[in-house]
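File shown here: input-v2.txt, holding compact mmCIF, C-alpha atoms.
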# COMPACT_ATOMS: atom_id res chain seq x y z
CA MET A 134 117.14 103.75 57.38
CA ARG A 135 113.56 103.15 58.49
CA ALA A 136 114.60 103.32 62.16
CA ARG A 137 116.45 106.63 61.51
CA LEU A 138 113.31 108.12 59.93
CA MET A 139 111.21 106.93 62.87
CA GLU A 140 113.53 108.39 65.49
CA ALA A 141 113.85 111.70 63.65
CA THR A 142 110.06 111.99 63.35
CA VAL A 143 109.54 111.44 67.07
CA GLU A 144 112.29 113.91 67.95
CA LEU A 145 110.63 116.55 65.79
CA LEU A 146 107.16 115.85 67.22
CA VAL A 147 108.60 116.37 70.71
CA GLU A 148 110.59 119.50 69.78
CA ARG A 149 108.20 121.25 67.40
CA GLY A 150 104.83 119.59 67.81
CA PHE A 151 102.67 118.04 65.08
CA ALA A 152 102.12 121.32 63.21
CA GLY A 153 105.85 122.09 63.24
CA THR A 154 106.87 118.68 61.90
CA SER A 155 107.28 118.31 58.12
CA THR A 156 108.51 115.50 55.91
CA THR A 157 111.33 117.79 54.69
CA LEU A 158 112.56 118.39 58.24
CA VAL A 159 112.39 114.66 58.96
CA SER A 160 114.38 113.56 55.91
CA GLY A 161 116.97 116.28 56.65
CA ARG A 162 117.42 115.21 60.25
CA ALA A 163 117.48 111.50 59.44
CA GLY A 164 119.99 112.03 56.62
CA VAL A 165 117.71 110.17 54.21
CA SER A 166 116.97 111.35 50.67
CA ARG A 167 113.54 112.81 50.00
CA GLY A 168 112.96 110.16 47.32
CA ALA A 169 113.72 107.28 49.67
CA GLN A 170 111.56 108.79 52.38
CA LEU A 171 108.61 109.32 50.07
CA HIS A 172 108.96 105.78 48.78
CA HIS A 173 108.46 104.38 52.28
CA PHE A 174 106.07 107.02 53.62
CA PRO A 175 104.17 108.92 50.93
CA THR A 176 102.52 111.38 53.35
CA LYS A 177 103.26 113.13 56.64
CA ASN A 178 100.43 111.19 58.26
CA ASP A 179 101.94 107.84 57.16
CA LEU A 180 105.24 108.92 58.65
CA VAL A 181 103.98 110.14 62.04
CA VAL A 182 101.67 107.17 62.64
CA ALA A 183 104.46 104.70 61.77
CA ALA A 184 106.92 106.61 63.95
CA VAL A 185 104.69 106.69 67.03
CA GLU A 186 103.89 103.00 66.51
CA HIS A 187 107.57 102.16 66.19
CA VAL A 188 108.75 103.99 69.30
CA THR A 189 105.76 102.77 71.30
CA ASP A 190 106.71 99.18 70.50
CA VAL A 191 110.38 99.82 71.31
CA ARG A 192 109.43 101.54 74.55
CA GLY A 193 106.97 98.76 75.43
CA ALA A 194 109.73 96.18 75.06
CA GLU A 195 112.03 98.33 77.22
CA LEU A 196 109.33 98.60 79.88
CA ALA A 197 108.82 94.85 79.91
CA ALA A 198 112.59 94.29 80.17
CA ALA A 199 112.89 96.83 83.02
CA ALA A 200 110.01 95.14 84.80
CA GLU A 201 111.66 91.76 84.46
CA ARG A 202 115.01 92.97 85.76
CA GLY A 203 114.13 95.06 88.70
CA LEU A 204 110.74 95.12 90.40
CA PRO A 205 110.66 94.37 94.14
CA ARG A 206 108.29 91.74 95.53
CA GLY A 207 106.02 92.29 98.51
CA ASP A 208 104.99 95.63 100.03
CA ARG A 209 106.92 97.91 97.70
CA ARG A 210 105.87 96.28 94.46
CA THR A 211 102.69 98.27 93.70
CA ARG A 212 104.51 101.58 94.16
CA ALA A 213 107.34 100.38 91.90
CA VAL A 214 104.87 99.38 89.18
CA LEU A 215 103.25 102.84 89.38
CA GLU A 216 106.69 104.43 89.06
CA LEU A 217 107.40 102.42 85.92
CA LEU A 218 104.06 103.43 84.39
CA ALA A 219 104.47 107.08 85.34
CA ASP A 220 107.97 107.12 83.82
CA HIS A 221 106.44 105.82 80.62
CA PHE A 222 103.61 108.39 80.56
CA THR A 223 106.02 111.27 81.11
CA SER A 224 108.53 110.12 78.48
CA PRO A 225 109.11 111.61 75.01
CA VAL A 226 107.17 108.66 73.60
CA PHE A 227 104.06 109.83 75.46
CA THR A 228 104.66 113.39 74.30
CA ALA A 229 104.89 112.30 70.66
CA ALA A 230 101.77 110.16 71.04
CA LEU A 231 99.93 113.12 72.62
CA GLU A 232 100.80 115.32 69.64
CA LEU A 233 99.53 112.63 67.28
CA TRP A 234 96.40 112.04 69.35
CA VAL A 235 95.42 115.69 69.51
CA ALA A 236 96.11 116.24 65.81
CA ALA A 237 93.98 113.17 65.00
CA ARG A 238 91.00 114.72 66.76
CA THR A 239 90.54 117.21 63.92
CA ASP A 240 91.99 115.15 61.03
CA GLU A 241 89.69 112.37 59.80
CA SER A 242 92.32 110.33 57.93
CA LEU A 243 94.80 110.57 60.79
CA ARG A 244 92.13 109.49 63.23
CA ALA A 245 91.35 106.40 61.15
CA ALA A 246 94.98 105.32 61.64
CA VAL A 247 95.40 106.42 65.25
CA VAL A 248 92.29 104.78 66.76
CA PRO A 249 93.33 101.15 66.03
CA LEU A 250 96.94 101.91 67.07
CA GLU A 251 95.74 103.38 70.34
CA GLN A 252 93.45 100.41 71.00
CA ARG A 253 96.25 97.92 70.41
CA VAL A 254 98.71 99.83 72.62
CA GLY A 255 96.03 100.29 75.28
CA ARG A 256 95.37 96.55 75.44
CA GLN A 257 99.10 95.76 75.68
CA THR A 258 99.67 98.27 78.46
CA HIS A 259 96.64 97.00 80.33
CA ARG A 260 97.79 93.37 80.08
CA MET A 261 101.30 94.25 81.23
CA THR A 262 99.94 96.21 84.20
CA VAL A 263 97.68 93.33 85.28
CA GLU A 264 100.66 90.97 85.19
CA LEU A 265 103.01 93.32 87.03
CA LEU A 266 100.46 93.99 89.78
CA GLY A 267 99.52 90.33 89.98
CA ALA A 268 95.91 91.50 89.80
CA ASP A 269 93.12 88.91 89.57
CA GLU A 270 90.69 90.29 86.99
CA SER A 271 88.16 87.53 87.66
CA ARG A 272 87.26 89.42 90.84
CA THR A 273 84.59 92.10 90.54
CA GLY A 274 85.97 95.58 90.05
CA VAL A 275 89.63 94.64 89.64
CA ARG A 276 89.67 95.28 85.90
CA GLU A 277 88.25 98.77 86.48
CA LEU A 278 90.86 99.52 89.15
CA VAL A 279 93.64 98.66 86.71
CA GLN A 280 92.00 100.83 84.04
CA ALA A 281 91.62 103.68 86.54
CA THR A 282 95.31 103.37 87.39
CA LEU A 283 96.22 103.75 83.72
CA ASP A 284 93.86 106.71 83.27
CA LEU A 285 95.43 108.28 86.36
CA VAL A 286 98.97 107.99 84.99
CA ARG A 287 97.73 109.31 81.63
CA GLY A 288 96.32 112.34 83.45
CA LEU A 289 99.62 112.73 85.29
CA GLY A 290 101.44 112.57 81.97
CA LEU A 291 99.30 115.42 80.64
CA ALA A 292 99.90 117.44 83.82
CA ASP A 293 103.66 117.12 83.22
CA THR A 294 103.71 118.42 79.65
CA ILE A 295 104.10 122.15 80.29
CA THR A 296 105.39 122.20 83.87
CA ASP A 297 107.62 119.87 85.87
CA ASP A 298 105.15 117.97 88.02
CA THR A 299 107.61 115.48 89.57
CA ASP A 300 107.15 116.26 93.28
CA ARG A 301 103.36 116.40 93.20
CA ARG A 302 103.27 113.20 91.12
CA ARG A 303 105.47 111.35 93.62
CA ARG A 304 103.11 112.12 96.50
CA ILE A 305 100.02 111.17 94.49
CA LEU A 306 101.56 107.86 93.45
CA ASP A 307 102.57 107.11 97.06
CA ARG A 308 98.97 107.62 98.11
CA TRP A 309 97.41 105.77 95.19
CA ALA A 310 99.70 102.76 95.77
CA ALA A 311 98.31 102.51 99.32
CA ALA A 312 94.69 102.94 98.17
CA LEU A 313 95.18 100.42 95.35
CA ASP A 314 96.67 97.80 97.68
CA GLN A 315 93.76 98.35 100.04
CA ALA A 316 91.19 98.10 97.23
CA LEU A 317 92.86 95.02 95.67
CA ALA A 318 93.23 93.18 98.99
CA PRO A 319 91.31 89.86 98.97
CA GLY A 320 89.03 90.85 101.89
CA SER A 321 88.18 94.27 100.43
CA ALA A 322 84.60 95.28 99.61
CA SER A 323 84.15 95.84 95.90
CA MET B 227 81.33 141.74 71.45
CA ARG B 228 84.09 140.35 73.62
CA ALA B 229 81.90 137.37 74.60
CA ARG B 230 81.13 136.66 70.91
CA LEU B 231 84.85 136.63 70.08
CA MET B 232 85.51 134.28 73.00
CA GLU B 233 82.77 131.82 72.04
CA ALA B 234 83.81 131.83 68.37
CA THR B 235 87.44 131.14 69.32
CA VAL B 236 86.52 128.15 71.47
CA GLU B 237 84.22 126.76 68.77
CA LEU B 238 87.03 126.97 66.24
CA LEU B 239 89.57 125.38 68.62
CA VAL B 240 87.15 122.48 69.08
CA GLU B 241 86.31 122.14 65.37
CA ARG B 242 89.70 122.80 63.75
CA GLY B 243 92.28 122.57 66.50
CA PHE B 244 94.87 125.17 67.44
CA ALA B 245 96.71 125.05 64.11
CA GLY B 246 93.44 125.41 62.17
CA THR B 247 92.28 128.44 64.16
CA SER B 248 93.13 131.91 62.81
CA THR B 249 92.18 135.42 63.88
CA THR B 250 90.51 135.93 60.48
CA LEU B 251 88.28 132.88 60.97
CA VAL B 252 87.39 134.05 64.47
CA SER B 253 86.40 137.60 63.50
CA GLY B 254 84.35 136.19 60.60
CA ARG B 255 82.47 133.75 62.78
CA ALA B 256 81.92 136.26 65.58
CA GLY B 257 80.71 138.92 63.13
CA VAL B 258 83.26 141.38 64.50
CA SER B 259 85.42 143.65 62.33
CA ARG B 260 89.11 142.80 62.02
CA GLY B 261 89.97 146.23 63.39
CA ALA B 262 87.88 145.82 66.51
CA GLN B 263 89.22 142.34 67.08
CA LEU B 264 92.85 143.41 66.69
CA HIS B 265 92.24 146.31 69.05
CA HIS B 266 91.17 143.92 71.83
CA PHE B 267 93.43 140.99 70.97
CA PRO B 268 96.50 141.94 68.91
CA THR B 269 97.69 138.34 68.40
CA LYS B 270 96.25 134.86 68.00
CA ASN B 271 97.87 133.86 71.27
CA ASP B 272 96.16 136.74 73.13
CA LEU B 273 92.86 135.63 71.68
CA VAL B 274 93.08 131.92 72.45
CA VAL B 275 94.36 132.38 76.00
CA ALA B 276 91.61 134.92 76.79
CA ALA B 277 88.98 132.65 75.21
CA VAL B 278 89.99 129.55 77.16
CA GLU B 279 90.14 131.61 80.36
CA HIS B 280 86.70 133.07 79.66
CA VAL B 281 84.92 129.79 78.97
CA THR B 282 86.72 128.07 81.85
CA ASP B 283 85.37 130.71 84.23
CA VAL B 284 81.87 130.47 82.75
CA ARG B 285 81.98 126.69 82.94
CA GLY B 286 83.36 126.79 86.50
CA ALA B 287 80.41 128.94 87.58
CA GLU B 288 78.00 126.53 85.83
CA LEU B 289 79.62 123.59 87.61
CA ALA B 290 79.29 125.28 90.99
CA ALA B 291 75.64 126.12 90.25
CA ALA B 292 74.88 122.55 89.16
CA ALA B 293 76.56 121.26 92.31
CA GLU B 294 74.45 123.53 94.47
CA ARG B 295 71.20 122.54 92.80
CA GLY B 296 71.40 118.85 92.55
CA LEU B 297 73.94 116.64 94.34
CA PRO B 298 72.58 113.84 96.51
CA ARG B 299 73.75 113.44 100.10
CA GLY B 300 74.89 110.18 101.64
CA ASP B 301 75.99 107.05 99.78
CA ARG B 302 75.53 108.29 96.24
CA ARG B 303 77.26 111.63 96.66
CA THR B 304 80.83 110.65 95.77
CA ARG B 305 79.70 109.02 92.53
CA ALA B 306 77.63 112.10 91.66
CA VAL B 307 80.63 114.39 92.26
CA LEU B 308 82.73 112.20 89.95
CA GLU B 309 80.04 112.40 87.29
CA LEU B 310 80.06 116.18 87.48
CA LEU B 311 83.85 116.29 87.16
CA ALA B 312 83.91 113.78 84.30
CA ASP B 313 81.24 115.78 82.44
CA HIS B 314 83.50 118.80 82.77
CA PHE B 315 86.62 117.00 81.56
CA THR B 316 84.82 115.63 78.50
CA SER B 317 83.21 118.96 77.55
CA PRO B 318 84.19 121.28 74.68
CA VAL B 319 85.86 123.51 77.29
CA PHE B 320 88.30 120.71 78.12
CA THR B 321 88.88 120.07 74.43
CA ALA B 322 89.70 123.74 73.79
CA ALA B 323 91.99 123.81 76.84
CA LEU B 324 93.73 120.64 75.62
CA GLU B 325 94.43 122.25 72.25
CA LEU B 326 95.86 125.31 74.00
CA TRP B 327 97.87 123.20 76.43
CA VAL B 328 99.48 121.05 73.74
CA ALA B 329 100.25 124.08 71.55
CA ALA B 330 101.82 125.82 74.57
CA ARG B 331 104.27 122.95 74.98
CA THR B 332 106.20 124.05 71.89
CA ASP B 333 105.46 127.80 71.96
CA GLU B 334 107.40 129.73 74.60
CA SER B 335 105.21 132.86 74.67
CA LEU B 336 102.00 130.84 74.76
CA ARG B 337 103.39 128.73 77.60
CA ALA B 338 104.17 131.86 79.64
CA ALA B 339 100.46 132.75 79.49
CA VAL B 340 99.05 129.23 79.88
CA VAL B 341 101.03 128.12 82.95
CA PRO B 342 99.57 130.72 85.37
CA LEU B 343 96.07 130.23 83.92
CA GLU B 344 96.35 126.49 84.40
CA GLN B 345 97.60 126.91 87.98
CA ARG B 346 94.73 129.20 88.89
CA VAL B 347 92.11 126.92 87.31
CA GLY B 348 93.72 123.87 88.91
CA ARG B 349 93.51 125.43 92.38
CA GLN B 350 89.85 126.39 91.86
CA THR B 351 88.88 122.93 90.65
CA HIS B 352 90.74 121.33 93.54
CA ARG B 353 89.03 123.55 96.11
CA MET B 354 85.60 122.89 94.63
CA THR B 355 86.21 119.12 94.63
CA VAL B 356 87.31 119.14 98.28
CA GLU B 357 84.13 120.99 99.22
CA LEU B 358 81.84 118.78 97.15
CA LEU B 359 83.35 115.59 98.56
CA GLY B 360 83.37 117.02 102.08
CA ALA B 361 86.99 115.82 102.27
CA ASP B 362 89.06 116.69 105.32
CA GLU B 363 92.47 117.71 103.96
CA SER B 364 93.96 117.97 107.45
CA ARG B 365 94.06 114.15 107.42
CA THR B 366 97.19 112.55 105.98
CA GLY B 367 96.83 111.54 102.37
CA VAL B 368 93.42 113.10 101.71
CA ARG B 369 94.81 115.96 99.65
CA GLU B 370 96.67 113.49 97.43
CA LEU B 371 93.52 111.39 96.91
CA VAL B 372 91.62 114.45 95.74
CA GLN B 373 94.49 115.30 93.39
CA ALA B 374 94.56 111.72 92.10
CA THR B 375 90.82 111.96 91.42
CA LEU B 376 91.36 115.08 89.31
CA ASP B 377 94.28 113.50 87.44
CA LEU B 378 92.07 110.46 86.81
CA VAL B 379 89.27 112.53 85.27
CA ARG B 380 91.85 114.44 83.22
CA GLY B 381 93.13 111.12 81.90
CA LEU B 382 89.56 110.05 81.17
CA GLY B 383 89.01 113.32 79.33
CA LEU B 384 92.02 112.60 77.13
CA ALA B 385 90.79 109.05 76.50
CA ASP B 386 87.50 110.47 75.22
CA THR B 387 88.95 112.87 72.67
CA ILE B 388 89.15 110.58 69.63
CA THR B 389 86.74 107.80 70.60
CA ASP B 390 83.52 107.72 72.61
CA ASP B 391 84.65 106.31 75.95
CA THR B 392 81.35 106.74 77.83
CA ASP B 393 80.65 103.12 78.84
CA ARG B 394 84.18 102.32 79.99
CA ARG B 395 84.32 105.63 81.86
CA ARG B 396 81.06 104.89 83.72
CA ARG B 397 82.40 101.57 85.04
CA ILE B 398 85.72 103.12 86.07
CA LEU B 399 83.99 105.95 87.94
CA ASP B 400 81.70 103.47 89.72
CA ARG B 401 84.76 101.61 90.94
CA TRP B 402 86.78 104.75 91.77
CA ALA B 403 83.87 106.10 93.86
CA ALA B 404 83.93 102.92 95.95
CA ALA B 405 87.72 103.00 96.35
CA LEU B 406 87.63 106.69 97.23
CA ASP B 407 84.91 106.24 99.86
CA GLN B 408 86.89 103.36 101.33
CA ALA B 409 90.14 105.35 101.39
CA LEU B 410 88.50 108.52 102.74
CA ALA B 411 86.58 106.70 105.49
CA PRO B 412 87.62 107.96 108.95
CA GLY B 413 88.89 104.56 110.11
CA SER B 414 90.93 103.89 106.97
CA ALA B 415 94.70 103.37 107.06
CA SER B 416 96.52 106.11 105.18
Output the file's structure in the form of structure tokens.
Amino acid sequence: MRARLMEATVELLVERGFAGTSTTLVSGRAGVSRGAQLHHFPTKNDLVVAAVEHVTDVRGAELAAAAERGLPRGDRRTRAVLELLADHFTSPVFTAALELWVAARTDESLRAAVVPLEQRVGRQTHRMTVELLGADESRTGVRELVQATLDLVRGLGLADTITDDTDRRRRILDRWAAALDQALAPGSAS
Amino acid sequence: MRARLMEATVELLVERGFAGTSTTLVSGRAGVSRGAQLHHFPTKNDLVVAAVEHVTDVRGAELAAAAERGLPRGDRRTRAVLELLADHFTSPVFTAALELWVAARTDESLRAAVVPLEQRVGRQTHRMTVELLGADESRTGVRELVQATLDLVRGLGLADTITDDTDRRRRILDRWAAALDQALAPGSAS
């Protein structure tokens, strides 16, 4: 039942935005009684934070599994890692998180819940990216390049929210993969 | 009067978000009668789109003026251009645009107005960045690097909305400036 509530909440955040999502709509879509829903999640904020956390964790595990199954080694690896990240930051999970994030900016109690969630997810995504790229963070500037890569794909995610940005994004990621390989190369100035 | 309405709308978008902004609040803050406001902007959507367009143009002119006054030449120029862009993407104008952008995702009529505005502003910002960096877009891959730079600062803007990200952002921009100079250098592989 909890999983049904979580999925329904994320679906509604994607379809109607934060303002258009209500606990009544969620319980209706999930097929869960109002009483049961309120027992688990007394407020809308409890529900949306738990839902974004839930799907982020599910999606993170899917990402890790996809990375384990299918990433090429050698020359094409960096580009493939960027593709995986960009897929993530243009997915419904990113959209739901964006709705939550923006709502939290002007809602003190929501922000108190969203900041630690975002920090935890940010650390996980960073660690996964370092591993997938095989980046050596003991070298000067490498940590910042990985962070920049994640900020870039976050910006690309935002650019994709109201228009389809697929073609432009592909070309940018092609170019950034080359620049990143060059910047991460052992002999590179940093 | 129009300028007062525009400024009041942006202030309210920043303070209360899109959902918390109403035409009544705006006319009250601007000290403009409801009748006069409705005459110029019949709906909330008319008002918020015009306001974001107005302050984006004002801010764009300020950016161009700041660039003309004070950017260093030589080694420190790229970093200074990035600072200017990052200041823009962490300003109240970006915050107001973000509110509009996210609201437009789930509001068809708002999206119809926001998409062309965003495309026009995006082209202007791109052109200004090319000029400030002295980038030669006839070279393969240079256009995409400029775009990546703008997507990066957009991502950094988003990262700054609910927490103060100043220190992390400074280190990332230092590193990006070096990578960008390396990738834009005439002898660089592309």
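Taking CA of Arg301 (chain A) and CA of Thr392 (chain B) as endpoints, the distance between them is 28.5 Å.
Near Val147 (chain A), within a cut-off of 10 Å and counting all atoms listed in the file, sit the residues Ala141, Thr142, Val143, Phe151, Gly153, Thr154, Ser224, Pro225, Val226, Phe227, Thr228, Ala229, Ala230, Leu231 and Glu232 of chain A; Arg331 and Thr332 of chain B, with same-chain residues fewer than 4 positions away left out.
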What is the CA of Gln408 (chain B)-CA of Ala268 (chain A) distance in Å, reported with one decimal? 18.8 Å
Kindly list the centre and edge lengths in Å, rounded to one decimal, for the axis-aligned box that covers all listed atoms of region 322-325 of chain B plus 4 Å on each of its six sides, as JSON.
{"center_x": 92.1, "center_y": 122.2, "center_z": 74.5, "size_x": 12.7, "size_y": 11.2, "size_z": 12.6}
Which residues are near His280 (chain B)? Cut-off 10 Å, only C-alpha atoms, ignore same chain within fewer than 6 positions. Put them as an mmCIF file with C-alpha atoms, in the coordinates of the input.
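Result file is out_10.cif:
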data_model
loop_
_atom_site.group_PDB
_atom_site.id
_atom_site.type_symbol
_atom_site.label_atom_id
_atom_site.label_comp_id
_atom_site.auth_asym_id
_atom_site.auth_seq_id
_atom_site.Cartn_x
_atom_site.Cartn_y
_atom_site.Cartn_z
ATOM 1 C CA ARG B 228 84.090 140.350 73.620
ATOM 2 C CA ALA B 229 81.900 137.370 74.600
ATOM 3 C CA MET B 232 85.510 134.280 73.000
ATOM 4 C CA GLU B 233 82.770 131.820 72.040
ATOM 5 C CA VAL B 236 86.520 128.150 71.470
ATOM 6 C CA VAL B 274 93.080 131.920 72.450
ATOM 7 C CA GLY B 286 83.360 126.790 86.500
ATOM 8 C CA VAL B 319 85.860 123.510 77.290
#
Can you check which residues of chain B have any atom within 9 Å of chain A? Use only C-alpha atoms and format it as a PyMOL selection string. chain B and resi 240-243+245-246+324-325+327-333+337+340-341+367-371+373-385+387-389+394-395+397-402+404-406+408-409+415-416
All residues 6 Å or closer to Arg305 (chain B), only C-alpha atoms, same chain fewer than 3 positions away omitted, as a short mmCIF file (atom, residue, chain, number, x, y, z; two decimals) with C-alpha atoms, keeping the file's coordinate frame:
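Generated output (around06.cif):
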data_model
loop_
_atom_site.label_atom_id
_atom_site.label_comp_id
_atom_site.auth_asym_id
_atom_site.auth_seq_id
_atom_site.Cartn_x
_atom_site.Cartn_y
_atom_site.Cartn_z
CA ARG B 302 75.53 108.29 96.24
CA LEU B 308 82.73 112.20 89.95
CA ALA B 403 83.87 106.10 93.86
#
Write out as a PDB file with C-alpha atoms, keeping the file's coordinate frame each polymer residue whose atoms come within 9 Å of Gln170 (chain A), counting all atoms listed in the file; drop sequence neighbours fewer than 2 positions from it.
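Generated file (result_8.pdb):
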ATOM      1  CA  ARG A 135     113.560 103.150  58.490  1.00  0.00           C
ATOM      2  CA  LEU A 138     113.310 108.120  59.930  1.00  0.00           C
ATOM      3  CA  THR A 156     108.510 115.500  55.910  1.00  0.00           C
ATOM      4  CA  VAL A 159     112.390 114.660  58.960  1.00  0.00           C
ATOM      5  CA  SER A 160     114.380 113.560  55.910  1.00  0.00           C
ATOM      6  CA  VAL A 165     117.710 110.170  54.210  1.00  0.00           C
ATOM      7  CA  SER A 166     116.970 111.350  50.670  1.00  0.00           C
ATOM      8  CA  ARG A 167     113.540 112.810  50.000  1.00  0.00           C
ATOM      9  CA  GLY A 168     112.960 110.160  47.320  1.00  0.00           C
ATOM     10  CA  HIS A 172     108.960 105.780  48.780  1.00  0.00           C
ATOM     11  CA  HIS A 173     108.460 104.380  52.280  1.00  0.00           C
ATOM     12  CA  PHE A 174     106.070 107.020  53.620  1.00  0.00           C
ATOM     13  CA  PRO A 175     104.170 108.920  50.930  1.00  0.00           C
ATOM     14  CA  LEU A 180     105.240 108.920  58.650  1.00  0.00           C
TER      15      LEU A 180
END
From the set B:Arg353, B:Ser364, B:Pro298, B:Thr250, which residue has the shortest atom-to-atom contact distance to Thr269 (chain B), counting only C-alpha atoms? B:Thr250
Write region 288-305 of chain B as a PDB file, in the frame of the given file, completed to N, CA and C atoms.
ATOM      1  N   GLU B 288      79.091 127.477  86.125  1.00  0.00           N
ATOM      2  CA  GLU B 288      78.000 126.530  85.830  1.00  0.00           C
ATOM      3  C   GLU B 288      78.119 125.267  86.679  1.00  0.00           C
ATOM      4  N   LEU B 289      79.352 124.785  86.788  1.00  0.00           N
ATOM      5  CA  LEU B 289      79.620 123.590  87.610  1.00  0.00           C
ATOM      6  C   LEU B 289      79.197 123.834  89.053  1.00  0.00           C
ATOM      7  N   ALA B 290      79.605 124.958  89.598  1.00  0.00           N
ATOM      8  CA  ALA B 290      79.290 125.280  90.990  1.00  0.00           C
ATOM      9  C   ALA B 290      77.773 125.384  91.166  1.00  0.00           C
ATOM     10  N   ALA B 291      77.095 125.986  90.172  1.00  0.00           N
ATOM     11  CA  ALA B 291      75.640 126.120  90.250  1.00  0.00           C
ATOM     12  C   ALA B 291      74.960 124.750  90.192  1.00  0.00           C
ATOM     13  N   ALA B 292      75.439 123.900  89.284  1.00  0.00           N
ATOM     14  CA  ALA B 292      74.880 122.550  89.160  1.00  0.00           C
ATOM     15  C   ALA B 292      75.083 121.775  90.458  1.00  0.00           C
ATOM     16  N   ALA B 293      76.252 121.949  91.061  1.00  0.00           N
ATOM     17  CA  ALA B 293      76.560 121.260  92.310  1.00  0.00           C
ATOM     18  C   ALA B 293      75.616 121.714  93.413  1.00  0.00           C
ATOM     19  N   GLU B 294      75.318 123.019  93.413  1.00  0.00           N
ATOM     20  CA  GLU B 294      74.450 123.530  94.470  1.00  0.00           C
ATOM     21  C   GLU B 294      73.010 123.045  94.308  1.00  0.00           C
ATOM     22  N   ARG B 295      72.572 122.971  93.059  1.00  0.00           N
ATOM     23  CA  ARG B 295      71.200 122.540  92.800  1.00  0.00           C
ATOM     24  C   ARG B 295      70.975 121.089  93.161  1.00  0.00           C
ATOM     25  N   GLY B 296      71.894 120.209  92.667  1.00  0.00           N
ATOM     26  CA  GLY B 296      71.400 118.850  92.550  1.00  0.00           C
ATOM     27  C   GLY B 296      72.179 117.675  93.113  1.00  0.00           C
ATOM     28  N   LEU B 297      73.199 117.834  93.933  1.00  0.00           N
ATOM     29  CA  LEU B 297      73.940 116.640  94.340  1.00  0.00           C
ATOM     30  C   LEU B 297      73.271 115.925  95.506  1.00  0.00           C
ATOM     31  N   PRO B 298      73.166 114.597  95.397  1.00  0.00           N
ATOM     32  CA  PRO B 298      72.580 113.840  96.510  1.00  0.00           C
ATOM     33  C   PRO B 298      73.504 113.856  97.729  1.00  0.00           C
ATOM     34  N   ARG B 299      72.942 113.626  98.882  1.00  0.00           N
ATOM     35  CA  ARG B 299      73.750 113.440 100.100  1.00  0.00           C
ATOM     36  C   ARG B 299      73.891 111.938 100.339  1.00  0.00           C
ATOM     37  N   GLY B 300      74.794 111.588 101.236  1.00  0.00           N
ATOM     38  CA  GLY B 300      74.890 110.180 101.640  1.00  0.00           C
ATOM     39  C   GLY B 300      75.665 109.333 100.643  1.00  0.00           C
ATOM     40  N   ASP B 301      75.253 108.068 100.524  1.00  0.00           N
ATOM     41  CA  ASP B 301      75.990 107.050  99.780  1.00  0.00           C
ATOM     42  C   ASP B 301      76.298 107.406  98.331  1.00  0.00           C
ATOM     43  N   ARG B 302      75.360 108.090  97.682  1.00  0.00           N
ATOM     44  CA  ARG B 302      75.530 108.290  96.240  1.00  0.00           C
ATOM     45  C   ARG B 302      76.266 109.584  95.903  1.00  0.00           C
ATOM     46  N   ARG B 303      76.681 110.314  96.919  1.00  0.00           N
ATOM     47  CA  ARG B 303      77.260 111.630  96.660  1.00  0.00           C
ATOM     48  C   ARG B 303      78.604 111.564  95.922  1.00  0.00           C
ATOM     49  N   THR B 304      79.505 110.719  96.394  1.00  0.00           N
ATOM     50  CA  THR B 304      80.830 110.650  95.770  1.00  0.00           C
ATOM     51  C   THR B 304      80.720 110.354  94.275  1.00  0.00           C
ATOM     52  N   ARG B 305      79.873 109.377  93.941  1.00  0.00           N
ATOM     53  CA  ARG B 305      79.700 109.020  92.530  1.00  0.00           C
ATOM     54  C   ARG B 305      79.149 110.197  91.725  1.00  0.00           C
TER      55      ARG B 305
END
